[in-house]
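**Q** Following this message is one structure expressed as structure tokens.
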Amino acid sequence: MPQILIDHSPELALDRAALAAELPRAIVEVIDTTVADCKTVFRPAPYAVAGDGASGEAVVLVEVKILAGRTVEQRAALTAGVLDVLRARIAVPASLGVQVTELDRDTYRFVHHPGR
């Protein structure tokens, strides 16, 4: 169920396949879920700047959405694991940010739509 949303500088060359494979594995090490349940979306931002742009750093902001109920320690470990993957996969200077967001178990719904 975890959703991994990756906003990034448009010029940043990311190995999307590798990140889409490694990030879910980092998540399942921390919380009770499966790799198959993780969904990853890459969203190149039309314009992304770190600070005033003087550093020339790329920007990568990752939001991991999970169902509510995990401990602070689990969420912190999740953040650390995602940052480790990003550091290993991004070879250029970059501003990296990771946020774990909790989804309300009472209102969130997800289905596998079979199509028509």
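Chains: A, B, ... in order of the structure tokens. Residues: from 1 per chain. Ligands: from 1, in order shown.
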As an MDAnalysis selection string, please: all residues of chain A that backbone DSSP puts in strand (DSSP E).
**A** chainID A and resid 3:8 39:44 58:67 94:103
**Q** Identify, on the basis of only C-alpha atoms, every residue whose closest approach to Pro93 in chain A does not exceed 9 Å; exclude the query and any residue fewer than 6 positions from it along the same chain; express the result as JSON, numbers by chain.
**A** {"A": [55, 56, 57, 58, 59]}
**Q** Can you write just those residues out, C-alpha atoms, as a PDB file, in the first residue's frame?
**A**
ATOM      1  CA  SER A  55      24.708  25.990  -5.690  1.00  0.00           C
ATOM      2  CA  GLY A  56      23.367  24.349  -8.836  1.00  0.00           C
ATOM      3  CA  GLU A  57      22.239  21.386  -6.759  1.00  0.00           C
ATOM      4  CA  ALA A  58      19.495  19.159  -8.032  1.00  0.00           C
ATOM      5  CA  VAL A  59      16.393  18.770  -5.878  1.00  0.00           C
TER       6      VAL A  59
END
**Q** Out of A:Arg116, A:Arg87, A:Val72, A:Met1, which residue has the shortest atom-to-atom distance to Thr34 in chain A when counting only C-alpha atoms?
**A**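 Once distances to Thr34 in chain A are computed over only C-alpha atoms, the minimum belongs to A:Met1.
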**Q** Got a sec to tell me which of chain A DSSP assigns to helix (DSSP H, G or I), as a ChimeraX atom specification?
**A** /A:16-28,35-37,72-89
**Q** Between A:Ala45, A:Val60, A:Ile66, A:Val82, which has the minimum distance to Ala21 in chain A (counting only C-alpha atoms)?
**A**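 Once distances to Ala21 in chain A are computed over only C-alpha atoms, the minimum belongs to A:Val82.
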**Q** So which one's closest to Lys39 in chain A, A:Lys65, A:Arg89, A:His113, A:Arg105? Using only C-alpha atoms, please.
**A**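 Of the candidates, the smallest distance to Lys39 in chain A is held by A:Lys65.
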**Q** Find the spatial neighbours of Val64 in chain A, counting only C-alpha atoms, within a cut-off of 8 Å - ignore same-chain residues fewer than 5 positions away - and output them as an MDAnalysis selection string.
**A** chainID A and resid 2:5 98:101
**Q** Mind checking which residues fall within 12 Å of Asp84 in chain A, counting only C-alpha atoms, ignoring those fewer than 3 positions away in the same chain, and posting them as a list of chain:residue names?
**A**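 In the requested format, the answer is A:Leu19, A:Glu22, A:Leu23, A:Arg25, A:Ala26, A:Ile27, A:Ala77, A:Leu78, A:Thr79, A:Ala80, A:Gly81, A:Arg87, A:Ala88, A:Arg89, A:Ile90, A:Leu96, A:Gly97, A:Val98.
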**Q** Determine the nearest neighbour of Pro46 in chain A from the options A:Val85, A:Glu102, A:Leu12, A:Val92, counting only C-alpha atoms.
**A**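 Of the candidates, the smallest distance to Pro46 in chain A is held by A:Leu12.
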**Q** Of the candidates A:Ala94, A:Ile31, A:Ala54, A:Leu61, which one gets nearest to Arg75 in chain A if we count only C-alpha atoms?
**A**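 Answer, going by the shortest atom-to-atom distance: A:Ile31.
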**Q** Could you check which of A:Ile6, A:Val30, A:Val111, A:Ala20 is closest to Glu73 in chain A, using only C-alpha atoms?
**A**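 Closest to Glu73 in chain A, using only C-alpha atoms: A:Val30.
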**Q** Write out as a compact mmCIF listing (two decimals) with C-alpha atoms, in the first residue's frame each polymer residue whose atoms come within 10 Å of Leu14 in chain A, counting only C-alpha atoms; drop sequence neighbours fewer than 3 positions from it.
**A**
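Listed below is the output, part.txt:
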# COMPACT_ATOMS: atom_id res chain seq x y z
CA HIS A 8 12.79 15.91 -8.76
CA SER A 9 14.70 18.41 -10.86
CA PRO A 10 13.85 17.80 -14.52
CA GLU A 11 17.48 17.61 -15.64
CA ALA A 17 13.99 1.33 -12.59
CA ALA A 18 16.65 0.91 -9.90
CA LEU A 19 14.97 3.37 -7.53
CA PHE A 42 8.22 9.86 -10.50
CA LEU A 86 18.84 8.14 -2.59
CA ARG A 89 21.75 6.21 -6.39
CA ILE A 90 22.23 9.96 -6.98
CA ALA A 91 25.76 10.76 -8.13
**Q** Record the distance separating CA of Asp37 in chain A and CA of Glu63 in chain A, expressed in Å with one decimal.
**A**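 Between these atoms lies a distance of 16.0 Å.
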**Q** Would you mind reading off the distance between CA of Val41 in chain A and CA of Arg70 in chain A, one decimal, in Å?
**A** 22.5 Å
